[in-house]
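Undergrad: So here's final.txt, just compact mmCIF, C-alpha atoms:
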```
# COMPACT_ATOMS: atom_id res chain seq x y z
CA MET A 9 0.00 0.00 0.00
CA GLY A 10 1.56 3.29 -0.98
CA TYR A 11 0.63 6.83 -0.05
CA ASP A 12 2.29 10.01 -1.16
CA GLY A 13 3.36 12.60 1.37
CA GLU A 14 0.17 14.62 1.07
CA ASP A 15 -2.01 11.54 1.71
CA VAL A 16 0.04 10.54 4.74
CA ALA A 17 -0.27 14.04 6.17
CA LEU A 18 -4.04 14.00 5.60
CA ILE A 19 -4.38 10.59 7.28
CA ASP A 20 -2.35 11.85 10.25
CA LEU A 21 -4.48 14.99 10.36
CA LEU A 22 -7.72 12.96 10.35
CA ASP A 23 -6.42 10.69 13.10
CA ARG A 24 -5.52 13.63 15.27
CA LEU A 25 -8.49 15.92 14.71
CA LEU A 26 -11.12 13.19 15.00
CA GLY A 27 -9.39 10.92 17.49
CA GLY A 28 -7.41 13.41 19.58
CA GLY A 29 -7.83 16.85 21.03
CA VAL A 30 -9.49 18.03 24.18
CA VAL A 31 -12.98 16.71 24.74
CA LEU A 32 -15.18 19.03 26.75
CA THR A 33 -18.74 18.60 27.80
CA GLY A 34 -19.84 20.33 24.63
CA ASP A 35 -21.60 19.06 21.57
CA ILE A 36 -19.84 17.65 18.58
CA THR A 37 -21.69 17.80 15.32
CA LEU A 38 -20.07 16.35 12.28
CA ALA A 39 -21.60 16.06 8.87
CA VAL A 40 -20.78 14.21 5.69
CA ALA A 41 -22.31 15.50 2.47
CA ASP A 42 -24.59 17.81 4.46
CA ILE A 43 -26.14 14.93 6.34
CA ASP A 44 -25.57 15.00 10.07
CA LEU A 45 -23.50 11.95 10.80
CA VAL A 46 -23.05 12.02 14.53
CA TYR A 47 -24.56 14.23 17.14
CA VAL A 48 -23.56 13.51 20.68
CA GLY A 49 -24.25 15.64 23.70
CA LEU A 50 -22.29 15.63 26.93
CA ARG A 51 -19.15 13.53 26.66
CA ALA A 52 -18.63 13.08 22.96
CA LEU A 53 -17.74 9.68 21.63
CA ILE A 54 -16.47 10.34 18.19
CA SER A 55 -13.36 8.55 17.16
CA SER A 56 -11.24 7.89 14.16
CA VAL A 57 -11.18 4.40 12.68
CA ALA A 58 -7.99 3.61 14.59
CA SER A 59 -9.47 4.71 17.91
CA ALA A 60 -12.63 2.79 17.28
CA GLU A 61 -10.69 -0.38 16.49
CA GLU A 62 -8.56 0.17 19.55
CA ALA A 63 -11.70 0.37 21.64
CA GLY A 64 -12.90 -2.93 20.22
CA VAL A 65 -15.56 -1.50 17.90
CA ARG A 66 -16.10 -3.86 14.99
CA LEU A 67 -15.94 -1.99 11.71
CA PRO A 68 -17.06 -3.33 8.36
CA MET B 1 -23.13 28.69 17.43
CA ILE B 2 -19.64 28.94 18.88
CA TYR B 3 -17.04 26.71 17.25
CA LEU B 4 -14.03 25.84 19.42
CA TYR B 5 -10.53 25.34 17.95
CA ALA B 6 -8.36 25.33 21.05
CA ILE B 7 -8.04 26.35 24.67
CA ALA B 8 -5.43 28.88 25.74
CA PRO B 9 -4.48 30.69 28.93
CA VAL B 10 -6.18 34.06 29.41
CA GLY B 11 -4.25 37.18 28.51
CA GLY B 12 -3.21 36.07 25.03
CA ARG B 13 -4.59 37.32 21.77
CA ALA B 14 -6.42 35.51 18.99
CA PRO B 15 -4.38 34.88 15.84
CA ASP B 16 -5.05 37.10 12.83
CA CYS B 17 -5.78 34.22 10.46
CA PRO B 18 -9.40 33.43 9.52
CA GLY B 19 -11.36 30.55 11.02
CA LEU B 20 -13.88 28.22 9.39
CA GLU B 21 -16.08 30.02 6.82
CA ASP B 22 -13.44 32.79 6.98
CA ARG B 23 -14.92 33.97 10.28
CA PRO B 24 -12.75 36.07 12.60
CA LEU B 25 -11.27 34.40 15.66
CA MET B 26 -11.91 35.45 19.22
CA LEU B 27 -11.00 34.36 22.73
CA LEU B 28 -13.92 33.68 25.04
CA GLY B 29 -14.14 32.02 28.40
CA PRO B 30 -14.18 32.13 32.18
CA ALA B 31 -11.50 33.56 34.47
CA ARG B 32 -8.38 31.46 33.85
CA VAL B 33 -8.66 29.80 30.46
CA ALA B 34 -10.06 31.01 27.17
CA GLY B 35 -11.54 29.18 24.21
CA LEU B 36 -10.25 30.17 20.79
CA CYS B 37 -13.50 30.34 18.83
CA SER B 38 -15.42 31.68 15.88
CA GLU B 39 -19.13 32.38 15.65
CA HIS B 40 -21.35 30.68 13.04
CA GLU B 41 -24.96 30.33 12.08
CA ARG B 42 -24.81 26.69 11.06
CA LEU B 43 -24.66 23.85 13.55
CA SER B 44 -22.32 21.46 11.82
CA PHE B 45 -19.36 21.34 9.50
CA PRO B 46 -18.70 18.65 6.95
CA ILE B 47 -15.56 16.62 7.46
CA SER B 48 -13.59 17.80 4.47
CA PRO B 49 -9.85 18.25 3.96
CA PRO B 50 -10.17 22.07 3.63
CA ALA B 51 -12.15 22.31 6.89
CA LEU B 52 -9.74 20.00 8.73
CA TRP B 53 -6.71 21.89 7.46
CA ARG B 54 -8.30 25.21 8.40
CA HIS B 55 -8.96 23.98 11.96
CA ASP B 56 -5.33 22.82 12.16
CA ARG B 57 -3.99 26.09 10.72
CA VAL B 58 -5.84 28.08 13.39
CA VAL B 59 -4.41 25.89 16.16
CA GLN B 60 -0.92 26.10 14.66
CA ALA B 61 -1.20 29.90 14.55
CA ALA B 62 -2.35 29.98 18.18
CA MET B 63 0.66 27.88 19.20
CA GLY B 64 2.84 30.80 18.20
CA GLU B 65 1.31 32.76 21.08
CA GLY B 66 1.96 30.17 23.80
CA PRO B 67 0.79 26.73 24.97
CA VAL B 68 -2.61 25.68 23.63
CA LEU B 69 -4.76 22.59 23.93
CA PRO B 70 -6.26 21.74 20.55
CA ALA B 71 -9.95 20.85 20.62
CA ARG B 72 -11.39 17.89 18.77
CA PHE B 73 -12.75 18.80 15.34
CA GLY B 74 -16.44 19.61 15.49
CA THR B 75 -16.59 20.81 19.11
CA SER B 76 -19.22 23.52 19.27
CA PHE B 77 -21.45 25.24 21.79
CA ARG B 78 -24.85 26.80 21.57
CA ASP B 79 -23.57 30.16 22.83
CA THR B 80 -20.87 31.80 24.93
CA ASP B 81 -22.60 30.82 28.18
CA ALA B 82 -22.53 27.16 27.20
CA LEU B 83 -18.81 27.42 26.34
CA CYS B 84 -18.02 29.08 29.69
CA ALA B 85 -20.09 26.50 31.55
CA ALA B 86 -18.03 23.73 29.93
CA LEU B 87 -14.67 25.39 30.54
CA GLU B 88 -15.18 26.61 34.07
CA PRO B 89 -15.20 23.30 35.98
CA ALA B 90 -12.28 22.01 33.90
CA GLN B 91 -9.98 25.01 34.34
CA GLU B 92 -7.51 23.39 36.76
CA ARG B 93 -7.15 20.28 34.64
CA LEU B 94 -6.76 22.30 31.46
CA LEU B 95 -4.06 24.51 32.98
CA ARG B 96 -2.17 21.40 34.13
CA GLN B 97 -2.40 19.95 30.64
CA MET B 98 -1.13 23.23 29.16
CA GLU B 99 1.94 23.06 31.37
CA ARG B 100 2.57 19.50 30.21
CA VAL B 101 2.66 20.48 26.54
CA ARG B 102 4.39 23.86 26.94
CA GLY B 103 7.32 24.17 24.55
CA CYS B 104 6.48 20.86 22.87
CA ILE B 105 5.21 19.75 19.49
CA GLU B 106 3.75 16.45 18.33
CA LEU B 107 5.48 14.33 15.70
CA ALA B 108 3.81 11.37 14.02
CA VAL B 109 5.78 8.37 12.80
CA ARG B 110 4.54 5.50 10.65
CA VAL B 111 6.43 2.32 9.98
CA THR B 112 5.47 0.08 7.09
CA PRO B 113 7.08 -3.36 7.09
CA PRO B 114 7.89 -4.98 3.74
CA ALA B 115 4.79 -6.27 1.96
CA LYS B 116 4.17 -9.99 2.32
CA PRO B 117 2.22 -12.18 -0.04
CA ALA B 118 -1.25 -12.85 1.30
CA SER B 119 -1.30 -16.23 3.00
CA VAL B 120 -4.04 -18.70 2.21
CA THR B 121 -5.41 -20.07 5.45
CA ARG B 122 -7.17 -23.41 5.35
CA ASN B 123 -8.90 -23.31 8.70
CA GLY B 124 -9.55 -21.22 11.78
CA VAL B 125 -6.48 -22.42 13.65
CA GLU B 126 -4.22 -21.42 10.77
CA TYR B 127 -5.95 -18.08 10.52
CA LEU B 128 -5.41 -17.35 14.22
CA ARG B 129 -1.81 -18.54 14.07
CA ASP B 130 -1.16 -16.33 11.05
CA ARG B 131 -2.73 -13.38 12.83
CA LEU B 132 -0.64 -14.00 15.92
CA ASP B 133 2.53 -14.21 13.82
CA ARG B 134 1.75 -10.90 12.17
CA GLN B 135 1.10 -9.23 15.52
CA ARG B 136 4.36 -10.64 16.88
CA GLU B 137 6.28 -9.36 13.86
CA ALA B 138 4.64 -5.95 14.16
CA ARG B 139 5.64 -5.73 17.81
CA ALA B 140 9.21 -6.67 16.97
CA VAL B 141 9.35 -4.00 14.26
CA ALA B 142 7.87 -1.45 16.65
CA ALA B 143 10.35 -2.34 19.36
CA CYS B 144 13.34 -1.69 17.11
CA THR B 145 11.97 1.50 15.53
CA LEU B 146 9.33 3.24 17.61
CA LEU B 147 10.89 2.63 21.04
CA PRO B 148 14.33 4.18 20.33
CA LEU B 149 12.55 7.36 19.20
CA ALA B 150 10.75 7.55 22.53
CA ALA B 151 14.08 8.35 24.19
CA HIS B 152 13.88 11.80 22.59
CA ALA B 153 10.27 12.47 23.58
CA VAL B 154 8.55 13.65 26.73
CA GLN B 155 5.72 11.19 26.09
CA PHE B 156 4.68 8.82 23.35
CA ARG B 157 1.68 6.81 22.28
CA CYS B 158 1.68 3.81 20.01
CA ARG B 159 -1.26 2.63 18.01
CA PRO B 160 -1.82 -1.12 18.27
CA PRO B 161 -0.84 -2.86 15.06
CA ALA B 162 -3.75 -3.29 12.71
CA THR B 163 -4.14 -6.81 11.47
CA ALA B 164 -5.20 -5.94 7.92
CA ALA B 165 -2.54 -3.37 7.09
CA ALA B 166 0.64 -3.94 9.02
CA ILE B 167 1.33 -0.24 9.39
CA LEU B 168 2.45 0.88 12.81
CA GLY B 169 2.02 4.38 14.06
CA ALA B 170 3.12 6.38 17.04
CA SER B 171 2.79 9.93 18.28
CA TYR B 172 5.58 11.65 20.16
CA LEU B 173 5.46 14.75 22.31
CA VAL B 174 8.85 16.34 21.67
CA ARG B 175 10.44 19.42 23.23
CA LEU B 176 11.44 21.94 20.57
CA GLU B 177 15.09 21.66 21.59
CA ASP B 178 14.96 17.87 21.11
CA VAL B 179 13.47 17.88 17.60
CA GLU B 180 16.89 17.72 15.93
CA ASN B 181 17.92 14.71 18.02
CA PHE B 182 14.59 13.05 17.24
CA THR B 183 14.91 13.51 13.47
CA GLY B 184 18.57 12.44 13.64
CA CYS B 185 17.51 9.23 15.38
CA LEU B 186 14.80 8.71 12.74
CA ARG B 187 17.35 9.07 9.94
CA ARG B 188 19.66 6.55 11.61
CA LEU B 189 16.81 4.08 12.03
CA ALA B 190 15.85 4.49 8.37
CA ALA B 191 19.46 3.79 7.37
CA ASP B 192 19.70 0.77 9.72
CA HIS B 193 16.40 -0.71 8.47
CA PRO B 194 16.25 -0.22 4.71
CA GLU B 195 13.57 -2.93 4.52
CA LEU B 196 11.14 -0.68 6.40
CA SER B 197 9.42 2.45 5.20
CA LEU B 198 9.49 5.18 7.85
CA THR B 199 7.52 8.38 7.47
CA CYS B 200 7.29 11.28 9.85
CA THR B 201 4.78 14.13 9.73
CA GLY B 202 4.61 17.25 11.84
CA PRO B 203 5.03 19.45 13.66
CA TRP B 204 1.46 19.01 14.89
CA PRO B 205 -0.21 20.69 17.83
CA PRO B 206 -0.29 18.16 20.70
CA TYR B 207 -3.58 16.55 19.61
CA SER B 208 -2.63 13.14 21.02
CA PHE B 209 -1.46 14.40 24.42
CA VAL B 210 -4.32 16.42 25.78
CA GLY B 211 -6.57 13.61 26.94
CA GLU B 212 -7.36 13.09 30.59
CA GLU B 213 -5.54 9.80 30.84
CA GLU B 214 -1.77 9.99 30.90
CA THR B 215 -0.96 6.37 30.25
CA VAL B 216 0.45 5.05 27.02
CA GLY B 217 -2.14 3.23 24.95
CA TRP B 218 0.05 0.38 23.77
CA VAL B 219 3.70 -0.31 24.44
CA PRO B 220 5.65 -2.51 22.06
CA ASP B 221 7.32 -5.25 24.02
CA SER B 222 11.10 -5.00 23.71
CA ARG B 223 11.32 -8.73 24.46
CA ALA B 224 9.53 -9.32 21.16
CA ALA B 225 12.48 -7.76 19.33
CA ALA B 226 14.92 -9.92 21.26
CA GLY B 227 12.88 -13.01 20.44
CA SER B 228 12.68 -12.06 16.81
CA GLU B 229 16.43 -11.53 16.54
CA ALA B 230 17.14 -14.83 18.25
CA SER B 231 14.92 -16.86 15.95
```
Please, can you express the file's structure as structure tokens?

TA:
Amino acid sequence: MGYDGEDVALIDLLDRLLGGGVVLTGDITLAVADIDLVYVGLRALISSVASAEEAGVRLP
Amino acid sequence: MIYLYAIAPVGGRAPDCPGLEDRPLMLLGPARVAGLCSEHERLSFPISPPALWRHDRVVQAAMGEGPVLPARFGTSFRDTDALCAALEPAQERLLRQMERVRGCIELAVRVTPPAKPASVTRNGVEYLRDRLDRQREARAVAACTLLPLAAHAVQFRCRPPATAAAILGASYLVRLEDVENFTGCLRRLAADHPELSLTCTGPWPPYSFVGEEETVGWVPDSRAAAGSEAS
């Protein structure tokens, strides 16, 4: 599997912005193609694929 | 709606660069910490490379002003009161976390072992054995590449090896004065292991080191490397 530098940077960015960062007791609203994907109040539980796998979430 | 990019100590100033939707940035918050925010009418933002890069650019710009804690993409609040209500009880913890990342950046390293032909497994036992072998190999590779780099970092986190794609990743919190030693070590490792592909991206804001828990997620076992060399 090969990625160029830009792809690798984008993957690292996605991992960090969706799986890292401070989580406050705010709301996180993310959307894909203008459709709300996840809306979680209180402690948000949004993770990148890697975090989800780490937590034992089975992904297709 | 108030969109949050990062948390900073009070007394700083918001960077001049634009936020999402080219909105101006502002610092809002309770007494001791401030949220770096922009105000919007919409309630959500699509996950798109331009939006993600913009969020990152704002945090990077804020890092020039002092220690900041990057917020997870998509963190938003109904209004300023809701933001302050979320920040206020967490002020002590947030200030402690700021001290931990002061003067540090995050570097990301990926290690890709040489590609192997896909094995054909005949039954469940073979499948599990094959999976175990791959995990063992991944740990050995991690031990001889990711662990030596940790000597130049304040903290590090490894991602457990994925079974499908044997790509290993780790995040390192590195003091600015240690970056040269870190990259020097990375170059030496790349030269010592030409069979592996090593990539490093950064500097990132400390996205992976602002969680509440301070433990390392997964530590490659150095004994795995010893076992691998012996066999």

Undergrad: At what distance in Å, to one decimal, does atom CA of Pro113 of chain B lie from atom CA of Glu126 of chain B?

TA: 21.6 Å

Undergrad: Taking a cut-off of 9 Å and counting all atoms listed in the file, can you build a table that, for each residue of chain B near chain A, reports the nearest atom pair and how far apart they are in Å (one decimal), sorted by chain then residue number, as CSV?

TA:
```
residue,atom,partner,partner_atom,distance
B:Ala6,CA,A:Val30,CA,8.0
B:Ile7,CA,A:Val30,CA,8.5
B:Leu43,CA,A:Thr37,CA,7.0
B:Ser44,CA,A:Thr37,CA,5.1
B:Phe45,CA,A:Leu38,CA,5.8
B:Pro46,CA,A:Ala39,CA,4.3
B:Ile47,CA,A:Val40,CA,6.0
B:Ser48,CA,A:Val40,CA,8.1
B:Pro49,CA,A:Leu18,CA,7.4
B:Leu52,CA,A:Leu25,CA,7.3
B:Trp53,CA,A:Leu21,CA,7.8
B:His55,CA,A:Leu25,CA,8.5
B:Asp56,CA,A:Leu25,CA,8.0
B:Leu69,CA,A:Val30,CA,6.6
B:Pro70,CA,A:Gly29,CA,5.2
B:Ala71,CA,A:Gly29,CA,4.5
B:Arg72,CA,A:Gly29,CA,4.3
B:Phe73,CA,A:Leu25,CA,5.2
B:Gly74,CA,A:Ile36,CA,5.0
B:Thr75,CA,A:Ile36,CA,4.6
B:Ser76,CA,A:Asp35,CA,5.6
B:Phe77,CA,A:Gly34,CA,5.9
B:Arg78,CA,A:Asp35,CA,8.4
B:Ala82,CA,A:Gly34,CA,7.8
B:Leu83,CA,A:Gly34,CA,7.4
B:Ala85,CA,A:Thr33,CA,8.8
B:Ala86,CA,A:Thr33,CA,5.6
B:Leu87,CA,A:Leu32,CA,7.4
B:Ala90,CA,A:Leu32,CA,8.3
B:Leu94,CA,A:Val30,CA,8.9
B:Ala108,CA,A:Asp20,CA,7.2
B:Arg110,CA,A:Val16,CA,9.0
B:Thr112,CA,A:Met9,CA,9.0
B:Ala115,CA,A:Met9,CA,8.1
B:Arg159,CA,A:Ala58,CA,7.6
B:Pro160,CA,A:Glu62,CA,7.0
B:Ala162,CA,A:Ala58,CA,8.3
B:Ala165,CA,A:Met9,CA,8.3
B:Thr199,CA,A:Val16,CA,8.3
B:Cys200,CA,A:Ala17,CA,8.8
B:Thr201,CA,A:Ala17,CA,6.2
B:Gly202,CA,A:Ala17,CA,8.1
B:Trp204,CA,A:Leu21,CA,8.5
B:Pro206,CA,A:Gly29,CA,7.7
B:Tyr207,CA,A:Gly29,CA,4.5
B:Ser208,CA,A:Gly28,CA,5.0
B:Phe209,CA,A:Gly29,CA,7.6
B:Val210,CA,A:Val30,CA,5.6
B:Gly211,CA,A:Val30,CA,6.0
B:Glu212,CA,A:Val30,CA,8.4
B:Gly217,CA,A:Glu62,CA,8.9
```

Undergrad: Write the selection just made, keeping C-alpha atoms, as a PDB file, in the coordinates of the input?

TA:
```pdb
ATOM      1  CA  ALA B   6      -8.360  25.330  21.050  1.00  0.00           C
ATOM      2  CA  ILE B   7      -8.040  26.350  24.670  1.00  0.00           C
ATOM      3  CA  LEU B  43     -24.660  23.850  13.550  1.00  0.00           C
ATOM      4  CA  SER B  44     -22.320  21.460  11.820  1.00  0.00           C
ATOM      5  CA  PHE B  45     -19.360  21.340   9.500  1.00  0.00           C
ATOM      6  CA  PRO B  46     -18.700  18.650   6.950  1.00  0.00           C
ATOM      7  CA  ILE B  47     -15.560  16.620   7.460  1.00  0.00           C
ATOM      8  CA  SER B  48     -13.590  17.800   4.470  1.00  0.00           C
ATOM      9  CA  PRO B  49      -9.850  18.250   3.960  1.00  0.00           C
ATOM     10  CA  LEU B  52      -9.740  20.000   8.730  1.00  0.00           C
ATOM     11  CA  TRP B  53      -6.710  21.890   7.460  1.00  0.00           C
ATOM     12  CA  HIS B  55      -8.960  23.980  11.960  1.00  0.00           C
ATOM     13  CA  ASP B  56      -5.330  22.820  12.160  1.00  0.00           C
ATOM     14  CA  LEU B  69      -4.760  22.590  23.930  1.00  0.00           C
ATOM     15  CA  PRO B  70      -6.260  21.740  20.550  1.00  0.00           C
ATOM     16  CA  ALA B  71      -9.950  20.850  20.620  1.00  0.00           C
ATOM     17  CA  ARG B  72     -11.390  17.890  18.770  1.00  0.00           C
ATOM     18  CA  PHE B  73     -12.750  18.800  15.340  1.00  0.00           C
ATOM     19  CA  GLY B  74     -16.440  19.610  15.490  1.00  0.00           C
ATOM     20  CA  THR B  75     -16.590  20.810  19.110  1.00  0.00           C
ATOM     21  CA  SER B  76     -19.220  23.520  19.270  1.00  0.00           C
ATOM     22  CA  PHE B  77     -21.450  25.240  21.790  1.00  0.00           C
ATOM     23  CA  ARG B  78     -24.850  26.800  21.570  1.00  0.00           C
ATOM     24  CA  ALA B  82     -22.530  27.160  27.200  1.00  0.00           C
ATOM     25  CA  LEU B  83     -18.810  27.420  26.340  1.00  0.00           C
ATOM     26  CA  ALA B  85     -20.090  26.500  31.550  1.00  0.00           C
ATOM     27  CA  ALA B  86     -18.030  23.730  29.930  1.00  0.00           C
ATOM     28  CA  LEU B  87     -14.670  25.390  30.540  1.00  0.00           C
ATOM     29  CA  ALA B  90     -12.280  22.010  33.900  1.00  0.00           C
ATOM     30  CA  LEU B  94      -6.760  22.300  31.460  1.00  0.00           C
ATOM     31  CA  ALA B 108       3.810  11.370  14.020  1.00  0.00           C
ATOM     32  CA  ARG B 110       4.540   5.500  10.650  1.00  0.00           C
ATOM     33  CA  THR B 112       5.470   0.080   7.090  1.00  0.00           C
ATOM     34  CA  ALA B 115       4.790  -6.270   1.960  1.00  0.00           C
ATOM     35  CA  ARG B 159      -1.260   2.630  18.010  1.00  0.00           C
ATOM     36  CA  PRO B 160      -1.820  -1.120  18.270  1.00  0.00           C
ATOM     37  CA  ALA B 162      -3.750  -3.290  12.710  1.00  0.00           C
ATOM     38  CA  ALA B 165      -2.540  -3.370   7.090  1.00  0.00           C
ATOM     39  CA  THR B 199       7.520   8.380   7.470  1.00  0.00           C
ATOM     40  CA  CYS B 200       7.290  11.280   9.850  1.00  0.00           C
ATOM     41  CA  THR B 201       4.780  14.130   9.730  1.00  0.00           C
ATOM     42  CA  GLY B 202       4.610  17.250  11.840  1.00  0.00           C
ATOM     43  CA  TRP B 204       1.460  19.010  14.890  1.00  0.00           C
ATOM     44  CA  PRO B 206      -0.290  18.160  20.700  1.00  0.00           C
ATOM     45  CA  TYR B 207      -3.580  16.550  19.610  1.00  0.00           C
ATOM     46  CA  SER B 208      -2.630  13.140  21.020  1.00  0.00           C
ATOM     47  CA  PHE B 209      -1.460  14.400  24.420  1.00  0.00           C
ATOM     48  CA  VAL B 210      -4.320  16.420  25.780  1.00  0.00           C
ATOM     49  CA  GLY B 211      -6.570  13.610  26.940  1.00  0.00           C
ATOM     50  CA  GLU B 212      -7.360  13.090  30.590  1.00  0.00           C
ATOM     51  CA  GLY B 217      -2.140   3.230  24.950  1.00  0.00           C
TER      52      GLY B 217
END
```

Undergrad: Please compute the atom CA of Ala62 of chain B-atom CA of Pro15 of chain B distance, one decimal, in Å.

TA: 5.8 Å

Undergrad: Report, as AutoDock Vina command-line options, the axis-aligned box around all atoms of segment 99-118 of chain B present in the file, extended by 4 Å on each side; give centre and edge lengths in Å to one decimal place.

TA:
```
--center_x 3.3 --center_y 5.7 --center_z 15.7 --size_x 17.1 --size_y 45.0 --size_z 39.4
```

Undergrad: What separation in Å, quoted to one decimal, exists between atom CA of Arg131 of chain B and atom CA of Ala143 of chain B?

TA: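 We find that atom CA of Arg131 of chain B and atom CA of Ala143 of chain B lie 18.3 Å from each other.
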
Undergrad: Counting all atoms listed in the file, which of B:Arg175, B:Arg42, B:Arg57, B:Arg187 gets nearest to Pro148 of chain B?

TA: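 For Pro148 of chain B, the nearest of the candidates is B:Arg187.
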
Undergrad: Counting all atoms listed in the file, which of B:Arg23, B:His40, B:Arg134, B:His152 gets nearest to Phe182 of chain B?

TA: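 Looking only at the distances to Phe182 of chain B, the closest residue turns out to be B:His152.
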